[in-house]
file my_file_38.txt (compact mmCIF, C-alpha atoms and all ligand atoms)
# COMPACT_ATOMS: atom_id res chain seq x y z
CA MET A 1 19.76 -1.33 -10.21
CA ARG A 2 19.51 -3.75 -7.34
CA TRP A 3 16.93 -5.84 -9.17
CA GLN A 4 19.20 -6.37 -12.13
CA GLY A 5 22.07 -7.22 -9.85
CA GLN A 6 20.17 -10.09 -8.27
CA GLN A 7 21.35 -13.59 -8.95
CA LEU A 8 19.34 -16.75 -8.43
CA GLY A 9 19.88 -18.10 -4.96
CA VAL A 10 21.12 -14.78 -3.58
CA ASP A 11 19.05 -13.31 -0.78
CA ASP A 12 18.48 -9.59 -0.54
CA THR A 13 19.53 -8.26 2.83
CA ALA A 14 16.35 -6.13 2.85
CA ALA A 15 14.25 -9.27 3.01
CA LEU A 16 12.64 -10.11 6.31
CA PRO A 17 14.74 -12.25 8.62
CA GLY A 18 13.69 -15.87 8.40
CA MET A 19 12.24 -15.63 4.91
CA GLU A 20 15.14 -17.64 3.56
CA ARG A 21 13.45 -20.62 5.20
CA MET A 22 10.32 -20.19 3.08
CA ASP A 23 9.55 -23.37 1.18
CA GLY A 24 10.89 -23.16 -2.36
CA LEU A 25 12.38 -19.69 -1.91
CA VAL A 26 14.71 -18.72 -4.73
CA ARG A 27 15.50 -15.19 -3.68
CA SER A 28 14.00 -12.12 -2.02
CA VAL A 29 14.35 -8.84 -3.86
CA THR A 30 13.57 -5.15 -3.59
CA THR A 31 13.67 -2.61 -6.39
CA PRO A 32 13.25 1.20 -6.54
CA GLU A 33 10.34 0.71 -8.97
CA PHE A 34 8.37 -0.89 -6.12
CA ALA A 35 9.52 1.15 -3.14
CA GLY A 36 8.60 -0.35 0.21
CA MET A 37 7.85 -3.77 -1.23
CA THR A 38 9.77 -7.02 -1.14
CA PHE A 39 9.15 -9.84 -3.56
CA HIS A 40 9.85 -13.36 -2.37
CA GLU A 41 10.30 -15.46 -5.50
CA VAL A 42 9.46 -19.11 -4.90
CA LEU A 43 9.36 -22.26 -6.99
CA CYS A 44 5.97 -23.80 -6.33
CA LYS A 45 5.35 -27.54 -6.43
CA SER A 46 1.70 -27.23 -7.47
CA ALA A 47 -0.30 -24.56 -9.26
CA LEU A 48 -3.86 -25.85 -9.17
CA ASN A 49 -5.41 -25.52 -5.73
CA ARG A 50 -8.39 -27.63 -4.87
CA VAL A 51 -10.97 -25.59 -2.95
CA PRO A 52 -11.46 -27.32 0.40
CA GLY A 53 -14.53 -29.54 0.52
CA VAL A 54 -16.03 -27.51 3.36
CA SER A 55 -15.94 -24.36 1.29
CA ALA A 56 -19.22 -23.17 -0.17
CA MET A 57 -17.46 -21.41 -3.05
CA PRO A 58 -19.12 -22.17 -6.40
CA PHE A 59 -15.95 -23.52 -7.99
CA ASP A 60 -13.51 -26.29 -7.20
CA TRP A 61 -10.17 -25.03 -8.51
CA THR A 62 -8.15 -21.87 -8.18
CA VAL A 63 -4.74 -20.68 -9.35
CA ASN A 64 -3.00 -18.05 -7.23
CA PRO A 65 0.23 -16.72 -8.72
CA TYR A 66 0.82 -14.34 -5.79
CA ARG A 67 0.39 -14.36 -2.02
CA GLY A 68 -0.08 -11.01 -0.35
CA CYS A 69 -1.45 -8.10 -2.36
CA ASN A 70 -0.19 -4.58 -2.66
CA HIS A 71 -3.63 -3.27 -3.54
CA GLN A 72 -3.75 -3.04 0.27
CA CYS A 73 -7.53 -3.14 0.73
CA VAL A 74 -8.05 -2.66 4.45
CA TYR A 75 -11.03 -5.06 4.45
CA CYS A 76 -9.28 -7.81 2.44
CA PHE A 77 -10.43 -11.33 3.35
CA ALA A 78 -7.10 -12.90 2.55
CA ARG A 79 -5.06 -11.05 5.17
CA LYS A 80 -5.09 -13.84 7.72
CA THR A 81 -3.53 -16.28 5.24
CA HIS A 82 -0.24 -14.37 5.43
CA GLU A 83 0.21 -15.63 8.97
CA TYR A 84 0.87 -19.12 7.56
CA LEU A 85 4.08 -17.61 6.19
CA ASP A 86 5.08 -16.17 9.58
CA LEU A 87 4.15 -12.73 8.25
CA ASP A 88 1.50 -10.45 9.68
CA TYR A 89 -1.97 -9.74 8.32
CA GLY A 90 -1.34 -5.98 8.26
CA SER A 91 1.52 -4.20 6.52
CA ASP A 92 3.34 -7.46 5.70
CA PHE A 93 0.34 -8.63 3.68
CA ASP A 94 0.52 -5.34 1.75
CA SER A 95 4.26 -5.29 1.16
CA GLN A 96 5.77 -8.81 1.41
CA ILE A 97 4.59 -10.45 -1.79
CA VAL A 98 5.27 -14.09 -2.56
CA VAL A 99 5.68 -14.64 -6.31
CA LYS A 100 5.35 -18.18 -7.71
CA VAL A 101 7.75 -17.61 -10.59
CA ASN A 102 7.26 -21.08 -12.12
CA VAL A 103 3.48 -21.21 -11.69
CA ALA A 104 2.64 -21.40 -15.42
CA GLU A 105 5.14 -24.18 -16.09
CA VAL A 106 3.77 -26.26 -13.19
CA LEU A 107 0.19 -25.50 -14.25
CA ARG A 108 0.90 -26.76 -17.79
CA THR A 109 2.19 -30.03 -16.39
CA GLU A 110 -0.87 -30.46 -14.17
CA LEU A 111 -3.34 -29.63 -16.93
CA ARG A 112 -1.73 -32.09 -19.35
CA ARG A 113 -2.35 -35.02 -17.07
CA GLY A 114 -4.90 -37.40 -18.52
CA SER A 115 -6.88 -37.20 -15.32
CA TRP A 116 -7.54 -33.45 -15.63
CA ALA A 117 -11.30 -33.10 -16.26
CA ARG A 118 -11.12 -29.52 -17.61
CA GLU A 119 -13.17 -28.13 -14.77
CA PRO A 120 -13.49 -24.35 -14.48
CA VAL A 121 -10.59 -22.57 -12.80
CA MET A 122 -10.95 -19.30 -10.89
CA LEU A 123 -8.27 -16.61 -10.62
CA GLY A 124 -8.53 -13.70 -8.22
CA THR A 125 -10.35 -15.17 -5.26
CA ASN A 126 -7.39 -15.31 -2.89
CA THR A 127 -5.24 -12.41 -4.03
CA ASP A 128 -5.34 -10.25 -7.12
CA PRO A 129 -3.59 -11.73 -10.17
CA TYR A 130 -3.34 -8.26 -11.76
CA GLN A 131 -1.78 -6.49 -8.78
CA ARG A 132 1.21 -4.25 -9.56
CA ALA A 133 3.72 -7.09 -9.26
CA GLU A 134 2.21 -8.62 -12.39
CA GLY A 135 3.60 -5.70 -14.39
CA ARG A 136 7.06 -6.97 -13.49
CA TYR A 137 6.58 -10.73 -13.51
CA ARG A 138 4.08 -11.19 -16.37
CA LEU A 139 2.82 -14.52 -15.06
CA MET A 140 -0.74 -14.17 -16.37
CA PRO A 141 -0.12 -14.43 -20.13
CA GLU A 142 1.49 -17.84 -19.64
CA ILE A 143 -1.25 -18.95 -17.24
CA ILE A 144 -3.92 -17.91 -19.75
CA GLY A 145 -2.01 -19.76 -22.46
CA ALA A 146 -1.75 -22.93 -20.38
CA LEU A 147 -5.48 -22.93 -19.56
CA THR A 148 -6.48 -22.25 -23.15
CA GLU A 149 -4.20 -24.89 -24.68
CA ASN A 150 -5.70 -27.41 -22.31
CA ARG A 151 -9.28 -26.38 -23.02
CA THR A 152 -9.96 -25.34 -19.46
CA PRO A 153 -12.63 -22.65 -18.88
CA PHE A 154 -11.64 -19.92 -16.47
CA SER A 155 -12.77 -16.74 -14.69
CA ILE A 156 -10.77 -13.73 -13.60
CA LEU A 157 -11.82 -11.36 -10.80
CA THR A 158 -9.59 -8.33 -10.34
CA LYS A 159 -9.24 -4.72 -9.30
CA GLY A 160 -6.25 -4.32 -11.60
CA THR A 161 -6.29 -2.22 -14.76
CA LEU A 162 -3.33 -4.27 -15.95
CA LEU A 163 -6.01 -6.65 -17.22
CA ARG A 164 -6.12 -4.43 -20.31
CA ARG A 165 -2.66 -5.58 -21.32
CA ASP A 166 -3.97 -9.12 -21.74
CA LEU A 167 -7.33 -8.38 -23.40
CA PRO A 168 -6.17 -9.42 -26.90
CA LEU A 169 -4.90 -12.69 -25.46
CA LEU A 170 -8.11 -13.20 -23.48
CA ALA A 171 -10.24 -12.47 -26.54
CA ASP A 172 -8.31 -15.14 -28.46
CA ALA A 173 -8.71 -17.55 -25.54
CA ALA A 174 -12.47 -16.91 -25.50
CA GLN A 175 -12.64 -18.29 -29.04
CA GLN A 176 -11.61 -21.65 -27.63
CA VAL A 177 -12.81 -21.84 -24.01
CA LYS A 178 -15.34 -20.05 -21.82
CA VAL A 179 -13.69 -16.99 -20.27
CA SER A 180 -15.50 -14.84 -17.67
CA LEU A 181 -14.18 -11.45 -16.57
CA ALA A 182 -15.26 -9.56 -13.46
CA MET A 183 -14.05 -6.22 -12.12
CA SER A 184 -14.28 -5.46 -8.42
CA ILE A 185 -15.16 -1.82 -7.67
CA ALA A 186 -16.35 -1.17 -4.13
CA VAL A 187 -15.62 2.51 -3.62
CA PHE A 188 -16.47 5.29 -6.09
CA ASP A 189 -15.46 8.23 -3.90
CA ASP A 190 -11.80 8.96 -4.73
CA ALA A 191 -10.79 10.16 -1.26
CA LEU A 192 -12.32 7.14 0.46
CA GLN A 193 -10.90 4.76 -2.14
CA HIS A 194 -7.43 6.20 -1.65
CA SER A 195 -7.78 5.78 2.10
CA ILE A 196 -9.21 2.26 2.24
CA GLU A 197 -7.65 0.70 -0.89
CA PRO A 198 -4.48 2.77 -1.23
CA GLY A 199 -2.79 0.49 -3.75
CA THR A 200 -5.69 0.14 -6.19
CA PRO A 201 -6.34 2.02 -9.41
CA SER A 202 -9.13 4.62 -9.17
CA ALA A 203 -12.73 3.59 -9.75
CA GLU A 204 -12.68 5.55 -13.01
CA ALA A 205 -9.59 3.69 -14.25
CA ARG A 206 -11.30 0.39 -13.44
CA LEU A 207 -14.46 1.51 -15.26
CA GLU A 208 -12.28 2.32 -18.27
CA THR A 209 -11.03 -1.26 -18.10
CA VAL A 210 -14.62 -2.51 -18.02
CA ARG A 211 -15.25 -0.42 -21.16
CA ALA A 212 -12.20 -1.86 -22.87
CA ALA A 213 -13.15 -5.44 -21.98
CA THR A 214 -16.70 -4.85 -23.18
CA ALA A 215 -15.36 -3.45 -26.44
CA ALA A 216 -13.22 -6.59 -26.75
CA GLY A 217 -16.42 -8.67 -26.68
CA PHE A 218 -16.74 -9.68 -23.02
CA ARG A 219 -19.88 -9.40 -20.89
CA VAL A 220 -18.19 -8.00 -17.81
CA THR A 221 -19.59 -8.36 -14.29
CA VAL A 222 -18.87 -5.64 -11.73
CA PHE A 223 -18.62 -6.76 -8.13
CA LEU A 224 -19.96 -3.80 -6.13
CA MET A 225 -18.62 -5.35 -2.97
CA PRO A 226 -18.12 -4.85 -0.16
CA ILE A 227 -20.78 -2.23 0.51
CA MET A 228 -19.77 -0.65 3.82
CA PRO A 229 -22.34 0.60 6.34
CA HIS A 230 -22.35 4.40 6.69
CA LEU A 231 -19.45 4.73 4.26
CA THR A 232 -20.76 3.60 0.87
CA ASP A 233 -24.39 2.62 1.45
CA SER A 234 -26.18 5.98 1.03
CA VAL A 235 -28.69 6.28 -1.81
CA ALA A 236 -26.51 8.98 -3.36
CA ALA A 237 -23.37 6.78 -3.28
CA LEU A 238 -25.13 3.69 -4.66
CA ASP A 239 -26.93 5.72 -7.32
CA ASP A 240 -23.64 7.24 -8.47
CA ALA A 241 -21.94 3.84 -8.51
CA LEU A 242 -24.69 2.18 -10.55
CA ALA A 243 -24.93 5.08 -13.01
CA ARG A 244 -21.21 4.84 -13.70
CA ILE A 245 -21.24 1.05 -13.93
CA ARG A 246 -24.10 1.24 -16.40
CA ALA A 247 -22.31 3.91 -18.45
CA ALA A 248 -19.22 1.69 -18.63
CA GLY A 249 -21.26 -1.04 -20.33
CA ALA A 250 -21.06 -3.73 -17.65
CA ALA A 251 -23.41 -6.65 -18.21
CA ARG A 252 -24.38 -7.16 -14.58
CA VAL A 253 -23.70 -6.18 -10.98
CA VAL A 254 -23.18 -8.44 -7.99
CA TYR A 255 -23.44 -6.65 -4.66
CA GLY A 256 -23.09 -7.57 -1.02
CA ALA A 257 -22.44 -6.11 2.40
CA LEU A 258 -19.04 -6.02 4.07
CA HIS A 259 -17.74 -9.21 5.67
CA LEU A 260 -15.07 -8.89 8.34
CA ARG A 261 -13.09 -12.07 8.77
CA PRO A 262 -10.44 -12.52 11.46
CA GLY A 263 -7.36 -10.49 10.58
CA ALA A 264 -9.30 -8.21 8.26
CA LYS A 265 -11.56 -7.29 11.16
CA GLN A 266 -8.75 -6.09 13.42
CA TRP A 267 -7.04 -4.22 10.58
CA PHE A 268 -10.32 -2.61 9.48
CA LEU A 269 -11.25 -1.50 13.00
CA GLN A 270 -7.81 0.06 13.49
CA TRP A 271 -8.31 1.97 10.24
CA LEU A 272 -11.82 3.02 11.31
CA GLU A 273 -10.55 4.31 14.67
CA ARG A 274 -7.95 6.37 12.82
CA GLU A 275 -10.04 7.67 9.93
CA HIS A 276 -13.69 7.59 11.07
CA PRO A 277 -13.71 7.29 14.88
CA HIS A 278 -17.36 8.35 15.11
CA LEU A 279 -18.34 5.11 13.31
CA VAL A 280 -16.51 2.69 15.61
CA SER A 281 -19.37 2.07 18.02
CA SER A 282 -21.80 1.54 15.16
CA TYR A 283 -19.50 -1.05 13.54
CA ARG A 284 -18.95 -2.80 16.86
CA GLY A 285 -22.73 -3.06 17.07
CA LEU A 286 -23.08 -4.42 13.54
CA TYR A 287 -20.12 -6.83 13.79
CA PRO A 288 -19.99 -7.78 17.49
CA GLY A 289 -17.35 -10.16 18.83
CA VAL A 290 -16.28 -12.71 16.25
CA SER A 291 -19.21 -12.15 13.88
CA VAL A 292 -18.11 -11.92 10.26
CA THR A 293 -21.24 -10.87 8.40
CA ALA A 294 -23.50 -7.88 8.81
CA PRO A 295 -26.80 -8.75 10.50
CA LYS A 296 -29.53 -10.21 8.32
CA ALA A 297 -31.66 -7.11 9.01
CA TYR A 298 -28.95 -4.88 7.51
CA ARG A 299 -28.57 -7.10 4.45
CA THR A 300 -32.34 -7.13 3.90
CA TRP A 301 -32.42 -3.34 4.26
CA LEU A 302 -29.58 -3.06 1.74
CA GLY A 303 -31.40 -5.30 -0.75
CA LYS A 304 -34.50 -3.12 -0.48
CA ARG A 305 -32.37 -0.07 -1.14
CA MET A 306 -30.55 -1.63 -4.10
CA ARG A 307 -33.40 -3.21 -6.05
CA PRO A 308 -35.20 -0.01 -7.16
CA LEU A 309 -31.86 1.60 -8.01
CA LEU A 310 -30.90 -1.38 -10.17
CA ARG A 311 -34.26 -1.17 -11.94
CA MET A 312 -33.84 2.56 -12.44
CA HIS A 313 -30.43 2.05 -14.04
CA ARG A 314 -31.70 -0.95 -16.03
CA LEU A 315 -28.94 -3.14 -14.66
CA ASP A 316 -29.02 -6.88 -14.19
CA GLY A 317 -28.26 -6.97 -10.46
CA TRP A 318 -27.66 -9.81 -8.04
CA ASP A 319 -27.56 -9.81 -4.30
CA GLU A 320 -24.83 -12.04 -2.94
CA ASP A 321 -27.45 -13.37 -0.51
CA ASP A 322 -29.64 -14.51 -3.43
CA HIS A 323 -26.85 -16.84 -4.52
CA PRO A 324 -25.88 -18.83 -1.48
CA ARG A 325 -22.28 -19.86 -1.52
CA GLY A 326 -21.95 -23.18 -3.25
CA ARG A 327 -24.37 -22.19 -6.01
CA PRO A 328 -23.21 -20.61 -9.28
CA GLN A 329 -22.32 -16.94 -8.92
CA PRO A 330 -23.30 -14.72 -11.86
CA GLY A 331 -20.29 -13.81 -13.97
CA LEU A 332 -17.96 -16.48 -12.60
CA ALA A 333 -17.09 -19.92 -13.87
CA ALA A 334 -19.28 -22.41 -12.08
CA ARG A 335 -18.43 -25.73 -10.60
CA THR A 336 -19.02 -28.61 -13.02
CA PRO A 337 -22.20 -30.38 -11.87
CA PRO A 338 -21.83 -33.98 -10.69
CA ALA A 339 -21.66 -36.45 -13.58
CA SER A 340 -24.93 -38.01 -12.41
CA SER A 341 -26.79 -34.77 -13.10
CA LEU A 342 -25.26 -34.28 -16.54
CA GLY A 343 -26.48 -37.45 -18.17
CA PRO A 344 -24.33 -39.76 -20.26
CA LEU A 345 -23.64 -37.40 -23.17
CA ARG A 346 -21.90 -34.70 -21.11
CA SER A 347 -20.22 -36.95 -18.62
CA THR A 348 -16.44 -36.61 -18.63
CA GLY A 349 -16.03 -40.14 -17.38
CA VAL A 350 -13.45 -38.88 -14.87
CA SER A 351 -14.32 -39.50 -11.27
CA ALA A 352 -13.41 -37.08 -8.52
CA SER A 353 -10.94 -39.57 -7.15
CA ALA A 354 -9.06 -39.52 -10.47
CA ARG A 355 -8.38 -35.79 -10.28
CA PRO A 356 -4.77 -34.69 -10.06
CA ARG A 357 -3.47 -34.79 -6.55
CA VAL A 358 -2.68 -31.26 -5.50
CA ALA A 359 -2.19 -29.45 -2.26
CA PRO A 360 -5.37 -27.98 -0.76
CA ALA A 361 -5.40 -24.18 -0.67
CA SER A 362 -6.65 -21.95 2.05
CA GLU A 363 -10.31 -21.20 1.50
CA PRO A 364 -10.78 -18.67 -1.29
CA THR A 365 -12.90 -15.59 -1.01
CA LEU A 366 -14.61 -13.40 -3.55
CA PHE A 367 -13.09 -10.08 -2.49
S1 LIG A 401 -9.34 -7.43 -1.68
FE1 LIG A 401 -8.41 -8.24 -3.55
S2 LIG A 401 -7.38 -6.50 -4.46
FE2 LIG A 401 -7.78 -5.95 -2.33
S3 LIG A 401 -5.91 -6.51 -1.20
FE3 LIG A 401 -7.31 -8.27 -1.12
S4 LIG A 401 -6.72 -9.55 -2.85
FE4 LIG A 401 -5.85 -7.51 -3.20
call {"tool": "encode", "arguments": {"input": "my_file_38.txt", "output": "structure tokens", "more": "lines below"}}
Ligand code: SF4
result
Amino acid sequence: MRWQGQQLGVDDTAALPGMERMDGLVRSVTTPEFAGMTFHEVLCKSALNRVPGVSAMPFDWTVNPYRGCNHQCVYCFARKTHEYLDLDYGSDFDSQIVVKVNVAEVLRTELRRGSWAREPVMLGTNTDPYQRAEGRYRLMPEIIGALTENRTPFSILTKGTLLRRDLPLLADAAQQVKVSLAMSIAVFDDALQHSIEPGTPSAEARLETVRAATAAGFRVTVFLMPIMPHLTDSVAALDDALARIRAAGAARVVYGALHLRPGAKQWFLQWLEREHPHLVSSYRGLYPGVSVTAPKAYRTWLGKRMRPLLRMHRLDGWDEDDHPRGRPQPGLAARTPPASSLGPLRSTGVSASARPRVAPASEPTLF
């Protein structure tokens, strides 16, 4: 098998031209198990990414073991970030996956520094840590171990059913640190899910994972996001989604309308023209020019539609708009409040300037 024949420092000829210049690249490999995909294995210099100060995300630190994501969600926020690697936001994002093979080792070193204040760390906001590649590379067990050993609370947001593999480890970790788990399920219609998220497990498989995590003792949040105008926002579709989420035992639901960032917007509109051409003019009206978010009127309308359904299904539901970015998001690890607001007993005594110096990451997203 080609994979087994790979040696460190040997480039695969199937790799994209120029990738050998990628910073820290060890090798680029393909394997029949992952047809159509290339993994670019890199040695990273830092594992903890500080969320840029301008970001309104409710957490300060992320760890991203992979770049690119073969879950291939057409609407994915992170697509544009692949251009920093001289790759494109479309099929390259789906198939050219950068794997930080030493991420756990580097993370351990960073977390052991005396200056680390054990602030919450978020996984799954840039790309999915339980995408298929994780089945091969098994980076998450070591990452979970490093965070737990160093008493660092963490959250995981994923669409991957591979999360089940690590539930025993996560349950052990939760005995020592706060662990929050969230499953992202945006599309409950199998045909639409296959079309718009072709690399993801089915909604039912993800609900089974919610059940398993709940049985393991976690209060799981389901991110019913993005809700897409005319595609997933009918009463029937939302009612079906909430009934199934409730039946799976999820603790709460966070919902929000589709955002279309640069890169994702072009890719999404191409998909729409191909698959649902009759909706193109409507979407161009809702997301004109460079606008990223659906109009306030649509989001208000969606909230009015969701609230009675949430009550009917007796679900604890949260509108993304009710939790402005920068404020704690239900079900995710929250930013540690400033020491001044904690009072002397809870103060860590570590100032922001004493935090480990790490490279800033591109701005994370929630889905
Ligand atoms: S939205 Fe999440 S799961 Fe989908 S491609 Fe992007 S990172 Fe992967």
call {"tool": "closest_residue", "arguments": {"input": "my_file_38.txt", "among": "A:His40, A:Thr125, A:Arg108, A:Arg79", "to": "A:Tyr137", "atoms": "only C-alpha atoms"}}
result
A:His40
call {"tool": "closest_residue", "arguments": {"input": "my_file_38.txt", "among": "A:Ala171, A:Ala216, A:Leu302, A:Met183", "to": "A:Pro229", "atoms": "all atoms listed in the file"}}
result
A:Leu302
call {"tool": "residues_near_ligand", "arguments": {"input": "my_file_38.txt", "ligand": "ligand LIG 401 (chain A)", "cutoff": "8 Å", "atoms": "all atoms listed in the file", "output": "number ranges by chain"}}
result
A: 68-79, 94, 124-128, 131, 158-160, 197, 200, 367
call {"tool": "residues_around", "arguments": {"input": "my_file_38.txt", "residues": "A:Gly303", "least_positions_apart": "2", "cutoff": "10 Å", "atoms": "all atoms listed in the file", "output": "PyMOL selection string"}}
result
chain A and resi 255-257+297-301+305-308+318-322
call {"tool": "residues_around", "arguments": {"input": "my_file_38.txt", "residues": "A:His313", "least_positions_apart": "4", "cutoff": "12 Å", "atoms": "only C-alpha atoms", "output": "PyMOL selection string"}}
result
chain A and resi 238-247+249-253+306-309+317
call {"tool": "residues_around", "arguments": {"input": "my_file_38.txt", "residues": "A:Asp92", "least_positions_apart": "2", "cutoff": "12 Å", "atoms": "all atoms listed in the file", "output": "PyMOL selection string"}}
result
chain A and resi 15-16+36-40+67-70+72+79-83+85-90+94-98+267
call {"tool": "residues_near_point", "arguments": {"input": "my_file_38.txt", "point": "(-13.3, -21.0, -10.3)", "cutoff": "6 Å", "atoms": "only C-alpha atoms", "output": "PyMOL selection string"}}
result
chain A and resi 59+61-62+120-122+333
call {"tool": "closest_residue", "arguments": {"input": "my_file_38.txt", "among": "A:Asp233, A:Asn64, A:Leu162, A:Arg261", "to": "A:Lys304", "atoms": "all atoms listed in the file"}}
result
A:Asp233
call {"tool": "atom_distance", "arguments": {"input": "my_file_38.txt", "atom1": "atom CA of A:Ser281", "atom2": "atom CA of A:Phe93"}}
result
26.6 Å
call {"tool": "residues_around", "arguments": {"input": "my_file_38.txt", "residues": "A:Gly135", "least_positions_apart": "2", "cutoff": "12 Å", "atoms": "all atoms listed in the file", "output": "list in words"}}
result
Glu33, Phe34, Pro129, Tyr130, Gln131, Arg132, Ala133, Tyr137, Arg138, Leu139, Met140, Pro141, Gly160, Thr161, Leu162, Leu163, Arg164, Arg165 and Asp166 of chain A
call {"tool": "atom_distance", "arguments": {"input": "my_file_38.txt", "atom1": "atom CA of A:Leu169", "atom2": "atom CA of A:Pro65"}}
result
18.0 Å
call {"tool": "atom_distance", "arguments": {"input": "my_file_38.txt", "atom1": "atom CA of A:Asp60", "atom2": "atom CA of A:Met225"}}
result
22.0 Å
call {"tool": "closest_residue", "arguments": {"input": "my_file_38.txt", "among": "A:Leu272, A:Leu192, A:Ala186, A:Val210", "to": "A:Phe223", "atoms": "only C-alpha atoms"}}
result
A:Ala186
call {"tool": "residues_near_point", "arguments": {"input": "my_file_38.txt", "point": "(8.1, -23.9, -21.4)", "cutoff": "12 Å", "atoms": "only C-alpha atoms", "output": "PyMOL selection string"}}
result
chain A and resi 102-109+142-143+145-146
